[in-house]
Amino acid sequence: MTIPQAKGGNLSVEQTTATSAARAEETRILTRQPLPPRPVPRIASEREALNIASTLAESFREGAAQRDRERRLPWDEIEQYSASGLWAITVPRAYGGLGASFETLAQLFVTICAADPSLGQIPQNHFAVLQNLKDMGSESQRQRWFADVLGGHRIGNAGPERKAKAARVSAATARVARDPDGTLRVSGTRFYSTGSAFAHWIPFRAVDDRAQAVQVWVRRDAPGVTILDDWDAFGQRTTASGSVIFEQVEVGEDDVVPLWRFAAVPTLSGPVSQLIQAAIDAGIAQGALRDALDFVRERSRPWIDSGVANACDDPYIIHEIGQLQIEVDAAHAVLLEAARYLDELAGQPVDEALSARASVAVAEAKILTTEAALNSSEHLFALAGSSASRSQYGLDRHWRNARVHTLHDPVRWKYHLLGNYVLNGVLPQRHQWN
């Protein structure tokens, strides 16, 4: 990455500002690379996958608060997670994978995110892109990239750009162009790039020389790819969801997926992407409630007027815990119901009506998981008492994580999608947020 230099004399105000900004950007460049990919173990069943996830979750939960407090990226944990074989479970059986159900995929995210939702969110784009590949990739692309995933490759995503560079969230600020010698190259910047820091492949949306939408795949270590550690949100602090910069990165002919050809083709890509987001929120809700229960049992004092010796015997706390448990369980149940519905649809041709019904089913789950995550992480403190707010316990991370992640797509538009479909029969728009 180049820093502008003055040709002589003093720098102008504009040059000084540009130089300072460039130097600040230089200090945030992530120089650490993922370990080289290694073939992953083939998981034999979905039950085995969920058992592995439960074991990993217990390990990840132990250091979650400290990683959040220190904003320490989970490099070692991600290597452990993907080396387990879990990141390959949705590779179709026809390509050598387990072909796991959407129900198992949703439960995987719930389980890991209940332990550490920042770490748990990191593979969201890996699995969403695998669904894109099923729906829109060519046969050669499927064979190639499914084999890569079975070989231990992780997929990230360079996501939407910030408003300063793109007024619409769907706008592509990266462009693919052909050199005079015929070589394809891509340039541009992207933000909200969860998973790219830890990935071996980074797919992202761009436009070609005809202004048509395409998905471009580049290697994480390709010349011209720069990843910045500039994600500074107050929640989901260790997802590394910041900037990726592409500067004249060479692209192979088969590294481009022509999204424009599928603009009018109904798929399950949007609903699957949203199912993953809802599962992350369900995991946050479960993790917050679990820590609330532990704190009330072990550390909270009963209120002076309660007449009981232990906080866990306080009738009002018991009542509110019951309410929260119902809310969290209901959200989880509807999430899995939506996942099972996607599994039903995956076995048949998807038309506009089926794609719309999938979006509606997942929207219902997303509404409930959003509210469960926010409510459980907020009420944790009212139930556990003032001592629970002390920084040494790190319980504030639950609310911060819930508040930030549920902003991924506004729940008010889920209500609108659902109501407009039920009342007026209006089909939802098809995109990754529906």
# chains A, B, ... in the order shown; residues from 1 in each chain; ligands from 1

call {"tool": "residues_around", "arguments": {"residues": "His408 of chain A", "least_positions_apart": "3", "cutoff": "9 Å", "atoms": "only C-alpha atoms", "output": "MDAnalysis selection string"}}
result
chainID A and resid 277 404:405 433

call {"tool": "select_by_dssp", "arguments": {"residues": "segment 174-383 of chain A", "states": "helix (DSSP H, G or I)", "output": "PyMOL selection string"}}
result
chain A and resi 196-198+253-255+259-262+269-298+311-313+315-346+352-383

call {"tool": "atom_distance", "arguments": {"atom1": "atom CA of Leu368 of chain A", "atom2": "atom CA of Ala282 of chain A"}}
result
8.5 Å

call {"tool": "closest_residue", "arguments": {"among": "A:Gly252, A:Pro349, A:Gly385, A:Gly85", "to": "Pro302 of chain A", "atoms": "only C-alpha atoms"}}
result
A:Gly385

call {"tool": "residues_around", "arguments": {"residues": "Tyr95 of chain A", "least_positions_apart": "3", "cutoff": "10 Å", "atoms": "only C-alpha atoms", "output": "list of chain:residue names"}}
result
A:Val91, A:Pro92, A:Leu98, A:Gly99, A:Arg142, A:Gln143, A:Arg144, A:Trp145, A:Phe146, A:Ala147, A:Leu150

call {"tool": "residues_around", "arguments": {"residues": "Pro123 of chain A", "least_positions_apart": "4", "cutoff": "12 Å", "atoms": "only C-alpha atoms", "output": "ChimeraX atom specification"}}
result
/A:78-79,81-82,86-88,105,108-109,112-113,117-119,127-130,153-157,193-199,239-241,273,276-277,280

call {"tool": "write_last_selection", "arguments": {"atoms": "C-alpha atoms", "output": "mmCIF file, in the first residue's frame"}}
result
data_model
loop_
_atom_site.group_PDB
_atom_site.id
_atom_site.type_symbol
_atom_site.label_atom_id
_atom_site.label_comp_id
_atom_site.auth_asym_id
_atom_site.auth_seq_id
_atom_site.Cartn_x
_atom_site.Cartn_y
_atom_site.Cartn_z
ATOM 1 C CA ILE A 78 -10.682 -20.689 14.396
ATOM 2 C CA GLU A 79 -7.945 -23.126 13.371
ATOM 3 C CA TYR A 81 -12.867 -25.043 14.793
ATOM 4 C CA SER A 82 -12.265 -25.571 11.092
ATOM 5 C CA LEU A 86 -17.445 -28.834 10.921
ATOM 6 C CA TRP A 87 -16.859 -26.181 8.258
ATOM 7 C CA ALA A 88 -17.265 -28.854 5.570
ATOM 8 C CA LEU A 105 -26.428 -26.031 10.292
ATOM 9 C CA LEU A 108 -24.296 -25.678 14.879
ATOM 10 C CA PHE A 109 -24.436 -21.878 14.929
ATOM 11 C CA ILE A 112 -21.080 -22.218 19.130
ATOM 12 C CA CYS A 113 -22.651 -18.760 19.464
ATOM 13 C CA PRO A 117 -20.985 -15.341 19.372
ATOM 14 C CA SER A 118 -18.073 -13.356 17.934
ATOM 15 C CA LEU A 119 -16.163 -16.535 17.157
ATOM 16 C CA PHE A 127 -21.623 -21.313 4.800
ATOM 17 C CA ALA A 128 -23.656 -18.633 3.013
ATOM 18 C CA VAL A 129 -21.202 -18.635 0.114
ATOM 19 C CA LEU A 130 -21.335 -22.439 -0.080
ATOM 20 C CA HIS A 153 -9.928 -24.061 2.936
ATOM 21 C CA ARG A 154 -11.999 -21.424 4.732
ATOM 22 C CA ILE A 155 -14.149 -18.914 2.869
ATOM 23 C CA GLY A 156 -14.644 -15.346 4.007
ATOM 24 C CA ASN A 157 -16.502 -12.520 2.328
ATOM 25 C CA SER A 193 -16.056 -8.438 5.852
ATOM 26 C CA THR A 194 -16.634 -11.004 8.592
ATOM 27 C CA GLY A 195 -14.349 -13.997 8.235
ATOM 28 C CA SER A 196 -11.987 -12.606 5.602
ATOM 29 C CA ALA A 197 -9.049 -12.205 7.996
ATOM 30 C CA PHE A 198 -9.123 -15.945 8.719
ATOM 31 C CA ALA A 199 -10.053 -17.109 5.212
ATOM 32 C CA THR A 239 -15.136 -10.913 14.318
ATOM 33 C CA ALA A 240 -12.577 -8.814 12.384
ATOM 34 C CA SER A 241 -15.467 -7.495 10.289
ATOM 35 C CA SER A 273 -28.139 -16.540 4.830
ATOM 36 C CA ILE A 276 -27.646 -18.308 9.882
ATOM 37 C CA GLN A 277 -28.143 -14.768 11.206
ATOM 38 C CA ILE A 280 -26.451 -16.485 15.814
#

call {"tool": "select_by_dssp", "arguments": {"residues": "segment 110-337 of chain A", "states": "strand (DSSP E or B)", "output": "VMD selection string"}}
result
chain A and resid 155 158 175 to 178 184 to 190 201 to 207 213 to 219 225 to 228 244 to 251 256 to 257

call {"tool": "write_last_selection", "arguments": {"atoms": "C-alpha atoms", "output": "PDB file, in the first residue's frame"}}
result
ATOM      1  CA  ILE A 155     -14.149 -18.914   2.869  1.00  0.00           C
ATOM      2  CA  ALA A 158     -15.786  -8.901   1.583  1.00  0.00           C
ATOM      3  CA  ARG A 175     -14.884  -3.496 -10.393  1.00  0.00           C
ATOM      4  CA  VAL A 176     -13.511  -6.212 -12.623  1.00  0.00           C
ATOM      5  CA  ALA A 177     -11.735  -5.019 -15.754  1.00  0.00           C
ATOM      6  CA  ARG A 178      -9.602  -6.634 -18.446  1.00  0.00           C
ATOM      7  CA  LEU A 184      -8.789  -9.906 -15.543  1.00  0.00           C
ATOM      8  CA  ARG A 185      -8.097  -7.692 -12.523  1.00  0.00           C
ATOM      9  CA  VAL A 186     -10.308  -6.440  -9.714  1.00  0.00           C
ATOM     10  CA  SER A 187      -9.980  -3.275  -7.639  1.00  0.00           C
ATOM     11  CA  GLY A 188     -12.102  -1.721  -4.926  1.00  0.00           C
ATOM     12  CA  THR A 189     -12.775  -1.591  -1.221  1.00  0.00           C
ATOM     13  CA  ARG A 190     -15.280  -3.443   0.923  1.00  0.00           C
ATOM     14  CA  TRP A 201     -10.670 -17.528  -0.260  1.00  0.00           C
ATOM     15  CA  ILE A 202     -12.461 -14.171  -0.250  1.00  0.00           C
ATOM     16  CA  PRO A 203     -15.518 -13.987  -2.536  1.00  0.00           C
ATOM     17  CA  PHE A 204     -17.218 -10.620  -2.920  1.00  0.00           C
ATOM     18  CA  ARG A 205     -19.686  -8.748  -5.055  1.00  0.00           C
ATOM     19  CA  ALA A 206     -18.392  -6.577  -7.884  1.00  0.00           C
ATOM     20  CA  VAL A 207     -19.441  -5.354 -11.315  1.00  0.00           C
ATOM     21  CA  ALA A 213     -23.236  -7.984 -11.011  1.00  0.00           C
ATOM     22  CA  VAL A 214     -20.666 -10.734 -10.460  1.00  0.00           C
ATOM     23  CA  GLN A 215     -19.134 -12.573  -7.521  1.00  0.00           C
ATOM     24  CA  VAL A 216     -15.351 -12.585  -7.634  1.00  0.00           C
ATOM     25  CA  TRP A 217     -13.208 -15.102  -5.729  1.00  0.00           C
ATOM     26  CA  VAL A 218      -9.656 -14.085  -4.783  1.00  0.00           C
ATOM     27  CA  ARG A 219      -7.048 -15.738  -2.625  1.00  0.00           C
ATOM     28  CA  VAL A 225      -5.176  -7.928  -1.175  1.00  0.00           C
ATOM     29  CA  THR A 226      -4.981  -5.914   2.058  1.00  0.00           C
ATOM     30  CA  ILE A 227      -7.061  -6.607   5.168  1.00  0.00           C
ATOM     31  CA  LEU A 228      -7.386  -3.938   7.830  1.00  0.00           C
ATOM     32  CA  VAL A 244     -10.670  -5.401   2.655  1.00  0.00           C
ATOM     33  CA  ILE A 245      -8.848  -3.504  -0.100  1.00  0.00           C
ATOM     34  CA  PHE A 246      -8.246  -4.925  -3.563  1.00  0.00           C
ATOM     35  CA  GLU A 247      -5.619  -3.238  -5.720  1.00  0.00           C
ATOM     36  CA  GLN A 248      -5.367  -4.642  -9.229  1.00  0.00           C
ATOM     37  CA  VAL A 249      -5.717  -8.226  -8.004  1.00  0.00           C
ATOM     38  CA  GLU A 250      -5.378 -10.749 -10.818  1.00  0.00           C
ATOM     39  CA  VAL A 251      -8.461 -12.926 -11.262  1.00  0.00           C
ATOM     40  CA  VAL A 256     -15.985 -15.114 -11.485  1.00  0.00           C
ATOM     41  CA  VAL A 257     -19.580 -16.191 -10.827  1.00  0.00           C
TER      42      VAL A 257
END

call {"tool": "atom_distance", "arguments": {"atom1": "atom CA of Thr369 of chain A", "atom2": "atom CA of Ala278 of chain A"}}
result
5.9 Å

call {"tool": "decode", "arguments": {"residues": "segment 252-263 of chain A", "atoms": "all heavy atoms", "output": "short mmCIF file (atom, residue, chain, number, x, y, z; two decimals), in the first residue's frame"}}
result
data_model
loop_
_atom_site.label_atom_id
_atom_site.label_comp_id
_atom_site.auth_asym_id
_atom_site.auth_seq_id
_atom_site.Cartn_x
_atom_site.Cartn_y
_atom_site.Cartn_z
N GLY A 252 -8.67 -15.19 -12.12
CA GLY A 252 -8.80 -16.19 -13.17
C GLY A 252 -10.18 -16.14 -13.81
O GLY A 252 -11.15 -15.69 -13.20
N GLU A 253 -10.27 -16.63 -15.01
CA GLU A 253 -11.54 -16.61 -15.74
C GLU A 253 -12.62 -17.37 -14.98
O GLU A 253 -13.79 -16.97 -14.97
CB GLU A 253 -11.36 -17.21 -17.13
CG GLU A 253 -10.41 -16.45 -18.04
CD GLU A 253 -10.99 -15.12 -18.51
OE1 GLU A 253 -12.22 -14.95 -18.45
OE2 GLU A 253 -10.19 -14.26 -18.95
N ASP A 254 -12.24 -18.47 -14.31
CA ASP A 254 -13.22 -19.30 -13.61
C ASP A 254 -13.40 -18.87 -12.16
O ASP A 254 -14.06 -19.55 -11.38
CB ASP A 254 -12.81 -20.77 -13.66
CG ASP A 254 -14.02 -21.70 -13.50
OD1 ASP A 254 -15.11 -21.37 -14.02
OD2 ASP A 254 -13.88 -22.74 -12.83
N ASP A 255 -12.81 -17.72 -11.80
CA ASP A 255 -12.96 -17.18 -10.44
C ASP A 255 -14.12 -16.18 -10.36
O ASP A 255 -14.28 -15.51 -9.34
CB ASP A 255 -11.67 -16.47 -9.99
CG ASP A 255 -10.50 -17.41 -9.86
OD1 ASP A 255 -10.74 -18.63 -9.73
OD2 ASP A 255 -9.34 -16.95 -9.88
N VAL A 256 -14.88 -16.08 -11.42
CA VAL A 256 -15.99 -15.11 -11.48
C VAL A 256 -17.30 -15.86 -11.66
O VAL A 256 -17.46 -16.65 -12.60
CB VAL A 256 -15.78 -14.12 -12.65
CG1 VAL A 256 -16.95 -13.13 -12.71
CG2 VAL A 256 -14.46 -13.37 -12.50
N VAL A 257 -18.24 -15.61 -10.74
CA VAL A 257 -19.58 -16.19 -10.83
C VAL A 257 -20.52 -15.11 -11.35
O VAL A 257 -20.64 -14.05 -10.74
CB VAL A 257 -20.07 -16.69 -9.45
CG1 VAL A 257 -21.48 -17.25 -9.55
CG2 VAL A 257 -19.11 -17.72 -8.87
N PRO A 258 -21.18 -15.33 -12.49
CA PRO A 258 -22.03 -14.29 -13.08
C PRO A 258 -23.38 -14.17 -12.37
O PRO A 258 -24.39 -14.73 -12.81
CB PRO A 258 -22.19 -14.76 -14.53
CG PRO A 258 -22.09 -16.25 -14.44
CD PRO A 258 -21.11 -16.53 -13.33
N LEU A 259 -23.42 -13.43 -11.29
CA LEU A 259 -24.66 -13.29 -10.52
C LEU A 259 -25.79 -12.73 -11.37
O LEU A 259 -26.96 -13.04 -11.13
CB LEU A 259 -24.42 -12.37 -9.31
CG LEU A 259 -23.38 -12.82 -8.27
CD1 LEU A 259 -23.30 -11.79 -7.15
CD2 LEU A 259 -23.73 -14.19 -7.71
N TRP A 260 -25.46 -11.90 -12.33
CA TRP A 260 -26.49 -11.24 -13.13
C TRP A 260 -27.37 -12.25 -13.87
O TRP A 260 -28.54 -11.98 -14.13
CB TRP A 260 -25.86 -10.27 -14.14
CG TRP A 260 -24.87 -10.89 -15.08
CD1 TRP A 260 -23.53 -11.04 -14.89
CD2 TRP A 260 -25.15 -11.44 -16.38
NE1 TRP A 260 -22.94 -11.66 -15.97
CE2 TRP A 260 -23.92 -11.90 -16.90
CE3 TRP A 260 -26.31 -11.58 -17.15
CZ2 TRP A 260 -23.81 -12.50 -18.16
CZ3 TRP A 260 -26.21 -12.16 -18.41
CH2 TRP A 260 -24.98 -12.61 -18.90
N ARG A 261 -26.83 -13.41 -14.17
CA ARG A 261 -27.62 -14.44 -14.86
C ARG A 261 -28.72 -15.01 -13.98
O ARG A 261 -29.67 -15.62 -14.46
CB ARG A 261 -26.71 -15.58 -15.33
CG ARG A 261 -25.74 -15.19 -16.43
CD ARG A 261 -24.91 -16.39 -16.84
NE ARG A 261 -23.93 -16.03 -17.86
CZ ARG A 261 -22.95 -16.83 -18.27
NH1 ARG A 261 -22.85 -18.05 -17.73
NH2 ARG A 261 -22.10 -16.44 -19.18
N PHE A 262 -28.58 -14.83 -12.65
CA PHE A 262 -29.51 -15.44 -11.71
C PHE A 262 -30.43 -14.41 -11.04
O PHE A 262 -31.11 -14.74 -10.09
CB PHE A 262 -28.73 -16.20 -10.64
CG PHE A 262 -27.88 -17.31 -11.20
CD1 PHE A 262 -26.58 -17.08 -11.60
CD2 PHE A 262 -28.40 -18.59 -11.36
CE1 PHE A 262 -25.79 -18.08 -12.12
CE2 PHE A 262 -27.63 -19.60 -11.89
CZ PHE A 262 -26.32 -19.36 -12.27
N ALA A 263 -30.42 -13.18 -11.56
CA ALA A 263 -31.22 -12.12 -10.95
C ALA A 263 -32.70 -12.47 -10.90
O ALA A 263 -33.41 -12.12 -9.96
CB ALA A 263 -31.02 -10.80 -11.70
#
